[in-house]
Structures are given as structure tokens and as C-alpha cells.
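These notes are about the structure you will find just below.
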2 protein chains.
Amino acid sequence: MTSVPTPPWRKSPRPVKQQLSQALIVETGLRILDAEGLDALSMRRVAQELDTGPASLYAHVSNKDELLELIYDLVLGEIEVREPDPANWKTQLREYAMESHRVLGRHADIARAAMAAVPTGPNALRLGEYMMALLISAGMDPRDASFGVDRLSLYIAGDAYEGSQHYARMRSKGMNDRESYLNSFVGQIKDYYRSLPPERFPMLVTYVDELTDPDGEARFEYGLDLLIDGMAARMK
Amino acid sequence: MTSVPTPPWRKSPRPVKQQLSQALIVETGLRILDAEGLDALSMRRVAQELDTGPASLYAHVSNKDELLELIYDLVLGEIEVREPDPANWKTQLREYAMESHRVLGRHADIARAAMAAVPTGPNALRLGEYMMALLISAGMDPRDASFGVDRLSLYIAGDAYEGSQHYARMRSKGMNDRESYLNSFVGQIKDYYRSLPPERFPMLVTYVDELTDPDGEARFEYGLDLLIDGMAARMK
DNA sequence: ACCTGAACACCGTTCAAGT
DNA sequence: ACCTGAACACCGTTCAAGT
């Protein structure tokens with residue numbers, strides 16, 4: 001089917017509006033989420049971006065919660081997964097967790113939807129299938145595999161959500177540089193802990209530095225390894 | 001100081017309004033949260049309950065986030081803690097986690113604040129001090145103890161938050177019975193997984209029952225033991 | 001079937017004014 | 001110092017009406 005450009009004198013008086021569609025709405029939502037955060041993502045804001053009224057969206061998504069779930073599954077689509085390799089299940093599971101965490105981190109504010117979501121979107125299914133295949137093929141008991149997958153997913157989403165809170169706090173303070181924010185924030189906590197009465201809070205005062213270690217990545221991996229080691233111990 | 005009742009004819013035309021105070025506002029907030037959920041907790045709703053306008057609250061709390069943090073610390077006050085017993089650190093840490101989880105579960109919708117909060121409230125400090133004292137006295141390395149406390153707290157809050165989402169979904173569906181909701185909900189997921197193409201999702205189809213086990217308590221304890229076992233392995 | 005404008009019943013927060 | 005009414009700049013969702 002060849003198409004020919006409409007000659008300018010035949011153009012309708014106002015440019016033809018781009019057709020609405022669920023995909024378009026979801027993509028627009030994600031763009032707003034990434035650029036301006038969860039607080040800025042409203043039905044009205046999405047509608048405005050698409051040059052229409054908020055009521056128009058309801059022909060394509062049933063409400064805001066559903067929109068959030070759809071955006072979440074779109075984000076999950078970025079997580080890539082390789083062929084399960086049973087012999088190296090531990091490192092592969094770890095890599096999967098790291099990759100998921102990275103992807104959620106790139107779209108910080110989606111993490112809240114991650115915690116609320118029931119895994120029914122196409123990408124959630126794909127990833128669930130992958131994790132189960134990896135663990136079952138490695139010989140794990142189905143119940144251990146199911147619970148392990150569930151707890152690991154919760155942990156990944158939980159950490160990402162916590163991270164997104166920091167990000168939101170930073171934005172609300174009008175700061176832009178992640179590093180300088182983290183330093184000033186951790187500095188404040190440190191000062192506060194150090195000012196505590198040492199006879200009442202000897203531990204907090206003594207171990208300020210350990211307790212306020214700002215390396216979020218190290219904390220995530222630490223907990224991840226606690227979980228994976230525990231799963232390995234239940235393997236044989 | 002003895003006080004005598006004011007005679008009825010001296011009463012002011014309208015009854016004297018109960019004095020506002022931060023404590024009163026926070027308690028009122030918690031009451032609304034427990035009875036009607038996070039969505040119902042608004043500055044306006046709290047003000048209405050206290051028979052005043054929303055603007056009046058801002059003399060006692062600087063904004064809604066602060067109110068949420070204060071409510072959260074009030075909830076943490078319900079968590080009781082015993083003298084650290086280094087010899088039984090594992091069971092004591094486990095009991096602490098279970099107790100925290102129970103308390104957060106009683107006030108389901110506070111869990112979101114739990115994930116966002118920086119531990120600076122009096123009760124957060126008390127509990128942090130307790131966990132650190134328990135682990136350090138048991139001989140754990142300070143960094144392992146700090147990270148362990150941090151990851152365990154995240155896990156507890158994360159699971160409670162996930163639970164609160166189910167609770168909210170139930171409320172939004174107008175249901176009241178926790179059990180019957182869970183059954184119908186899990187039933188839907190089961191049906192959906194079973195309807196999936198088995199050649200594309202063999203694992204999800206085969207292990208539906210394990211994957212949709214509705215026993216939230218068992219899932220929580222499973223992940224808790226993964227974490228605590230991992231911590232124990234890093235102990236010696 | 002899809003889109004719209006207008007309306008309903010809400011929000012958090014600020015600010016000048018009162019006591 | 002504390003409280004207030006009124007206002008500002010928003011929300012999500014519904015609904016009758018249009019095409």
C-alpha cells in the first residue's frame with residue numbers, strides 16, 4: 001500500500017490529532033515519571049502532554065492504578081535474561097537481581113508500583129518463568145523455589161523503593177546532584193547520632209560510621225547475598 | 001491543686017475547644033489510618049476530626065510527611081524489647097522481627113512510612129540501639145551488624161508494605177473479611193496462571209499452587225530465616 | 001467506539017488577619 | 001504563640017453529550 005503526502009492546501013484547518021492508544025498513554029506516563037517523579041504523574045498531566053482532557057484517558061485505562069501497573073510492566077521489559085544455566089544458578093540469579101535492581105533504579109519512582117503489583121503483566125510473567133526455570137532446573141524443591149523467587153523479588157523492589165524515597169527527598173529540596181545530596185544528608189544523620197546521649201545510645205554513638213555507610217550499592221549486594229546464600233543452604 | 005467544677009451559668013456560650021497539640025494531632029492521625037486507611041488520612045480529615053481547619057495543624061507539624069513520620073514512630077512505640085541475651089541472639093532477633101512485623105501489621109497502612117523513614121524518631125532509635133546491642137554483644141563484626149540491621153529492617157517493612165497493599169485492594173473492593181478476600185484473590189491468580197500457554201510458561205503452569213500459596217505468615221518467616229541464617233553464617 | 005467539557009468531591013499548603 | 005477563613009493550584013473520576 002503506497003501512500004502519497006496530502007497536499008498542503010488540502011490540510012484540515014487544525015493539524016490532525018495523534019490517535020490516543022493505551023501504548024501511547026503508558027509511554028507518556030513513563031516519560032513523565034522519569035523526568036518529574038511520581039508526584040508529577042497524574043492523569044491530568046498525562047492528558048495535558050497528549051493534548052487532551054483527562055476524561056479521554058479512561059477509554060484506554062480503567063484508572064490510575066492500572067496505568068501504574070502498565071508502566072511497571074513496560075519497565076520490566078528492559079530486563080534482559082539469558083538461557084538458564086543450572087550449573088551456575090547462584091551467579092545467574094545474582095546477576096538477574098543486579099540487573100533488575102539497575103533497571104528499577106533507572107526509573108526510580110516506579111518502585112512503588114513494583115511493591116504493589118501482582119505479577120500478571122507479560123514481562124512479569126516472563127521474568128517469573130525465567131527465575132523458576134533457573135531454580136527448578138538447578139534441582140531446587142518447588143516450594144523453596146517459589147518462596148525464594150517471591151522473597152527475592154520483594155527484596156529487590158523494597159530496596160529500589162527505599163532508594164526512590166531518597167531521590168524524591170532530593171528533588172523536593174531542589175537539589176540535582178545525587179552525590180552532594182547524599183553527602184549532606186548522611187552528614188546530618190551522622191551529626192544527629194553523634195549528638196545523642198552516649199549512656200542511653202552507646203551503640204548508635206559508637207558505630208555511627210558503620211550505620212550511616214552511604215554506599216547503597218554495597219548494602220543491596222550485602223542483603224542479596226544473605227538471601228542467595230540462604231537459598232543455597234536449602235538446596236541440597 | 002484542687003479544682004472545683006465551674007457552675008453551669010458561668011459556662012462560656014460555646015464549649016471550650018480542646019487545645020490542639022502535636023500529640024493530639026498524631027494520635028488522631030493514627031486513629032484515622034487504622035480505621036479508614038492511608039487514602040483517607042489527609043490533613044483536612046485530621047483537622048475535621050479535631051473540629052478545626054486544616055491550616056491550624058501547621059502550627060504543630062510542618063507538613064504531611066512529618067505527620068506520617070510522627071505516626072510511624074508512635075506505632076514503633078508498641079514494639080517491646082527485652083534485655084539482649086547474646087547466647088540466644090538468633091532466636092531473640094527472630095522474635096524481634098516477628099514482633100515488629102505483627103505491630104506493623106496491626107497498623108497496616110503505616111508500612112509505607114516505614115519504608116520512607118530515616119530512623120531518627122525516639123522509638124526508631126530505641127529499637128536500633130537494641131538490635132545493635134544484641135548483635136555486637138553476640139560478637140558480630142560492627143559492619144556486619146549494621147548492614148544486617150539495615151537489611152532486616154528493610155525486609156520487615158517491605159513485607160508489611162506489601163501486605164498493606166492487599167489490605168487496601170480489599171477495602172477498595174468493599175470487602176471486609178480478610179479470609180474470603182484472600183481466597184477469591186488467590187483463586188483469580190490461580191485461574192489466570194492455569195490459563196497461560198503451557199509451552200511458553202511451563203514453570204508457572206506447573207507450579208501454580210506453590211507460587212500462589214496464600215500463607216503470608218509462612219512467606220514472611222521463610223525470608224526472615226534466609227536472612228538470619230545468612231547473618232549467622234557471617235558470624236564466626 | 002472514542003473523545004470531550006463540565007462538574008463533583010476532594011487534596012496540601014500559604015497567607016493575611018485575628019486573638 | 002496559636003488559630004482561622006479564604007484562597008491557590010492542584011487531584012481522580014463520572015457523566016451526559018457529541019462525533
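Every chain in the C-alpha cells takes a letter, A first, then B, and so on in the order presented; its residues are numbered from 1, and the ligands are numbered from 1 following the presented order.
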Cut-off 10 Å: closest chain B/chain D atom pairs per residue, using only C-alpha atoms (C1' of nucleotides), as JSON lines:
```
{"residue": "B:Gln19", "atom": "CA", "partner": "D:DC2", "partner_atom": "C1'", "distance": 10.0}
{"residue": "B:Leu20", "atom": "CA", "partner": "D:DC2", "partner_atom": "C1'", "distance": 9.2}
{"residue": "B:Thr52", "atom": "CA", "partner": "D:DT4", "partner_atom": "C1'", "distance": 8.5}
{"residue": "B:Gly53", "atom": "CA", "partner": "D:DT4", "partner_atom": "C1'", "distance": 7.3}
{"residue": "B:Pro54", "atom": "CA", "partner": "D:DT4", "partner_atom": "C1'", "distance": 9.6}
{"residue": "B:Ala55", "atom": "CA", "partner": "D:DT4", "partner_atom": "C1'", "distance": 7.6}
{"residue": "B:Ser56", "atom": "CA", "partner": "D:DC3", "partner_atom": "C1'", "distance": 5.8}
{"residue": "B:Leu57", "atom": "CA", "partner": "D:DC3", "partner_atom": "C1'", "distance": 9.1}
{"residue": "B:Tyr58", "atom": "CA", "partner": "D:DC3", "partner_atom": "C1'", "distance": 10.0}
{"residue": "B:Ala59", "atom": "CA", "partner": "D:DC2", "partner_atom": "C1'", "distance": 7.1}
{"residue": "B:His60", "atom": "CA", "partner": "D:DC2", "partner_atom": "C1'", "distance": 9.5}
```
Note to self: From a backbone DSSP assignment, name each residue in stretch 32-223 of chain B labelled alpha helix (DSSP H), as a PyMOL selection string.
What the structure shows: chain B and resi 32-36+43-49+64-76+89-106+111-116+122-137+142-172+178-194+202-206+208-211+216-223
Checklist line | Residue nearest A:Ser137 among A:Pro84, A:Gly77, A:Gly230, A:Gly121 (counting only C-alpha atoms) | finding: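 The closest residue to A:Ser137 is A:Pro84.
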Check: Between A:Asp213, A:Ala113, A:Asn63, A:Ala233, which is the closest to A:Gly148 once you count only C-alpha atoms?
Finding: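 That would be A:Ala233, the residue with the smallest distance to A:Gly148.
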Next item on the list: Quote the spacing between atom CA of B:Ser184 and atom CA of B:Leu41 in Å to one decimal place.
Entry: 27.7 Å
Next item on the list: With a cut-off of 6 Å and counting only C-alpha atoms, select all residues of chain A in contact with chain B and give the selection as a PyMOL selection string.
Entry: chain A and resi 115-116+129+143+146+151+158+162+165+203-204+210-211+223+226-227+230
Residue subset to file, keeping C-alpha atoms, as a PDB file, in the first residue's frame:
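Dumped everything to part_35.pdb:
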```
ATOM      1  CA  MET A 115       5.757  -3.388  45.553  1.00  0.00           C
ATOM      2  CA  ALA A 116       2.052  -3.253  44.931  1.00  0.00           C
ATOM      3  CA  GLU A 129       9.102 -18.089  34.338  1.00  0.00           C
ATOM      4  CA  ARG A 143       8.239 -24.733  47.258  1.00  0.00           C
ATOM      5  CA  SER A 146       8.591 -20.330  44.701  1.00  0.00           C
ATOM      6  CA  ARG A 151      11.199 -13.132  48.693  1.00  0.00           C
ATOM      7  CA  GLY A 158      11.888  -2.903  48.526  1.00  0.00           C
ATOM      8  CA  GLU A 162      13.737   2.928  49.535  1.00  0.00           C
ATOM      9  CA  GLN A 165      12.408   7.894  48.535  1.00  0.00           C
ATOM     10  CA  MET A 203      25.786   1.511  70.164  1.00  0.00           C
ATOM     11  CA  LEU A 204      24.427   4.193  67.873  1.00  0.00           C
ATOM     12  CA  GLU A 210      29.033   1.752  60.019  1.00  0.00           C
ATOM     13  CA  LEU A 211      25.366   2.609  60.484  1.00  0.00           C
ATOM     14  CA  GLY A 223      21.373  -8.332  51.610  1.00  0.00           C
ATOM     15  CA  LEU A 226      22.345 -13.092  52.587  1.00  0.00           C
ATOM     16  CA  LEU A 227      19.274 -14.247  50.690  1.00  0.00           C
ATOM     17  CA  GLY A 230      20.311 -18.898  52.465  1.00  0.00           C
TER      18      GLY A 230
END
```
Item checked: Straight-line distance linking atom CA of A:Tyr96 with atom CA of A:Ile79, stated in Å to one decimal ->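 Atom CA of A:Tyr96 sits 8.3 Å away from atom CA of A:Ile79.
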Checklist line | Atom pair atom CA of A:Ala168 / atom CA of A:Leu33: separation (Å) | finding: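 The value is 11.5 Å.
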